[in-house]
Structures are given as structure tokens and as C-alpha cells.
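Peer 1: One structure coming up, written as C-alpha cells, with questions to follow.
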Amino acid sequence: MPMATRIHKEQPSSIGCKQMTKGLLLVNTGDGKGKTTAALGTAMRCAGHGLKVCFIQFIKGSWKYGELDAVKCFADTIDFHVMGRGFTWKSDDLEKDRAIARKGWQIAEQAILSDRYYLVVLDEFTYLLNYEMIDLPSAMAVIRQRPPNRHVMITGRNAPEPLVAAADLVTEMKAVKHPFAAGIKAQKGIEF
Ligand code: ATP
Ligand code: MG
């Protein structure tokens, strides 16, 4: 029996820290809040180790998110791209959105395959897959071809099943309560 398998059965908590490392595919999904902010936290954690991150925000673009300025403090380590004009269901021009999505995916593809980045984050990428702006099997093939020990994190609601199946780590944020339901509007530093 391979060593890693035996250790996993006997001491699950030790796997990953001492015995082996692996480039991970991580997915933050679900209808609760925290998917993008968790990705930003991970990017910041990498930056603290001097590990390069490529963070691509798809979809978003119409609001001034605090992270846009905050990541400038990590400009040496985090390359941040905003590739969107706002949420698609508000869009007045789906073709324009598709073109921006494809451009964003080109940047993502190069970043994933380049070996330049320890972590590549595709924020709100599940929407591009679900709206069929990006072909899921092609995207999965690129992610699979990434160099060893390189991590890819994808965020967004309704992660497609094949993505969940291929991922090493999937976290589903569950909405238990959200201030929007009580009529409280989005607030600086909390939502944007
Ligand atoms: P965050 O960016 O705060 O980590 P998120 O990435 O999990 O949130 P998205 O699904 O990308 O959330 O949605 C973006 C916005 O929608 C955020 O401003 C968030 O506060 C809000 N939101 C998230 N979950 C809910 C919910 N259950 N009800 C209403 N609004 C929500
Ligand atoms: Mg988000």
C-alpha cells in the first residue's frame, strides 16, 4: 500500500502538512456571504509569504470595491485584474460581457499555465461557466495542465458539478442570515 494512503487512514490530520504537498483546486461556493473575501484573505496570506498571486475578478466592475485599493499595498506580489462591468442579470449588452469574459479567461489561462504564480484566483468564475461564456471542459483541461504545486481558487455561487468533483477543497458558504433581508443596504468595508 502506498505510504500516503496508509497514513491517511491512520492519521488523517497529518496528511498535507508533513507527508505530501499538492497544487490544489479550491472552490468557494454557496449562497452565503464570504466567498470572495475568503479568496482575498488567502491571497493576502500568500503575499505575506512573498508568494505571487494572480487575482482575476470576473463579473464585478461597476462598484468601487475596497479591495481594488487595498491590493495596491501588495502590488509586488498580487497582480489584480478586474474583468467585468457588473452583474450579468443587470447587463444591457451580453455580447460585451462575453467579450470581456473571454479576455479575462485569456489572462487566466496564461496565468495558470505560466508557472509565474503560486496561486491564481478566478473570482465569480462559476457565473461564466453557468452562463456558458466559457466552456467548462476546456477550462478544466487548462486547470489540470497547470504546473505542479500551483493552486487555483474559484469562487461563485452554484459551482457546476464537474468542477466540484475535480476540486480538492470545496467550501459551501451557507446563508443563515443576511442584512439584505432586513432591508439593510450594502455597506462600505463589509460588502464592497
Ligand atoms: P463577499 O464578497 O462579501 O465575500 P460573496 O463573494 O460570498 O461575498 P457573492 O455571491 O459574490 O458574495 O455576492 C456579492 C454580494 O452579494 C456581496 O456584497 C454579498 O454581501 C451579497 N450577498 C452574499 N450573500 C447574500 C445573501 N444570502 N443575501 C443577500 N446578499 C448576499
Ligand atoms: Mg463574490
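Going by the C-alpha cells order, chains are called A, B, ..., each with residues numbered from 1, while ligands are numbered from 1 in the order shown.
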Which residues are near ligand 1 in this structure, taking near to mean any atom at most 9 Å from a ligand atom and counting only C-alpha atoms and all ligand atoms? Format them as a ChimeraX atom specification.
Peer 2: /A:28-40,60,123-124,155-157,173-181,186-187,190-192
Peer 1: Find the residues near Arg146 (chain A): any atom within 8 Å, counting only C-alpha atoms, skip ones fewer than 5 places away on the same chain, and give them as an NGL selection string.
Peer 2: :A and (112-115)
Peer 1: Rounded to one decimal in Å, what is the spacing between CA of Ile154 (chain A) and CA of Ala182 (chain A)?
Peer 2: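 So the two atoms, CA of Ile154 (chain A) and CA of Ala182 (chain A), lie 29.3 Å apart.
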Peer 1: Which residue out of A:Leu68, A:Gly48, A:Arg102, A:Thr126 has the minimum interatomic distance to ligand 2 when only C-alpha atoms and all ligand atoms are used?
Peer 2: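 Going through A:Leu68, A:Gly48, A:Arg102, A:Thr126 one by one, the smallest distance to ligand 2 is for A:Thr126.
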Peer 1: Might you pull out every residue within 7 Å of Val170 (chain A), with only C-alpha atoms counted and same-chain residues fewer than 2 positions away left off, and present them as a PyMOL selection string?
Peer 2: chain A and resi 26-28+164+167-168+172
Peer 1: For the strand (DSSP E) assignment from backbone DSSP, which residues of region 46-181 of chain A qualify? Please present them as a count of residues only.
Peer 2: 26
Peer 1: Excluding same-chain residues fewer than 5 positions from Tyr127 (chain A), what lies within 12 Å of it counting only C-alpha atoms, as a list in words?
Peer 2: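 Neighbouring residues, sequence-local ones excluded: Thr29, Gln57, Phe58, Ile59, Lys60, Gly84, Gly86, Phe87, Thr88, Trp89, Asp97, Arg98, Ala101, Leu122, Glu132, Met133, Ile134, Asp135, Leu136, Ile154, Thr155, Gly156, Arg157, Asn158, Ala159 and Pro160 of chain A.
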Peer 1: Quick check for you: according to DSSP on this backbone, which residues of region 7-190 of chain A are classed as alpha helix (DSSP H)? Reply as a ChimeraX atom specification.
Peer 2: /A:7-10,35-48,66-70,94-114,125-130,136-144,161-166
Peer 1: Which value, in Å to one decimal, gives the distance between CA of Ala70 (chain A) and CA of Trp105 (chain A)?
Peer 2: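 Answer for the CA of Ala70 (chain A) to CA of Trp105 (chain A) separation: 23.5 Å.
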Peer 1: Quick one: residues within 12 Å of Gly23 (chain A), only C-alpha atoms, excluding same-chain residues fewer than 5 positions away - as a PyMOL selection string?
Peer 2: chain A and resi 16+112+115+117-120+143-153+167-169
Peer 1: Please write the residues from the selection above to a file, keeping C-alpha atoms, as a PDB file, in the first residue's frame.
Peer 2:
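Output below, filename selection35.pdb:
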ATOM      1  CA  GLY A  16      -0.795  17.517   3.711  1.00  0.00           C
ATOM      2  CA  ILE A 112      -2.478  29.298 -14.748  1.00  0.00           C
ATOM      3  CA  ASP A 115       4.306  28.966 -13.563  1.00  0.00           C
ATOM      4  CA  TYR A 117       2.013  32.406  -9.813  1.00  0.00           C
ATOM      5  CA  TYR A 118       1.765  30.304  -6.690  1.00  0.00           C
ATOM      6  CA  LEU A 119      -1.985  30.984  -6.615  1.00  0.00           C
ATOM      7  CA  VAL A 120      -4.425  32.042  -9.317  1.00  0.00           C
ATOM      8  CA  ILE A 143      -6.607  23.912 -14.829  1.00  0.00           C
ATOM      9  CA  ARG A 144      -5.467  20.260 -14.997  1.00  0.00           C
ATOM     10  CA  GLN A 145      -2.412  21.223 -17.074  1.00  0.00           C
ATOM     11  CA  ARG A 146      -1.116  23.721 -14.521  1.00  0.00           C
ATOM     12  CA  PRO A 147       2.432  23.198 -13.264  1.00  0.00           C
ATOM     13  CA  PRO A 148       2.831  21.068 -10.126  1.00  0.00           C
ATOM     14  CA  ASN A 149       2.330  22.706  -6.736  1.00  0.00           C
ATOM     15  CA  ARG A 150       0.388  25.607  -8.179  1.00  0.00           C
ATOM     16  CA  HIS A 151      -3.009  26.405  -6.691  1.00  0.00           C
ATOM     17  CA  VAL A 152      -6.190  27.614  -8.377  1.00  0.00           C
ATOM     18  CA  MET A 153      -9.110  29.026  -6.402  1.00  0.00           C
ATOM     19  CA  ALA A 167     -11.707  20.083  -6.781  1.00  0.00           C
ATOM     20  CA  ASP A 168      -9.537  19.132  -3.811  1.00  0.00           C
ATOM     21  CA  LEU A 169     -11.268  21.541  -1.466  1.00  0.00           C
TER      22      LEU A 169
END
Peer 1: Please measure the separation of CA of Ala99 (chain A) and CA of Cys54 (chain A), giving the value in Å to one decimal.
Peer 2: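 One can read the CA of Ala99 (chain A) to CA of Cys54 (chain A) distance as 20.3 Å.
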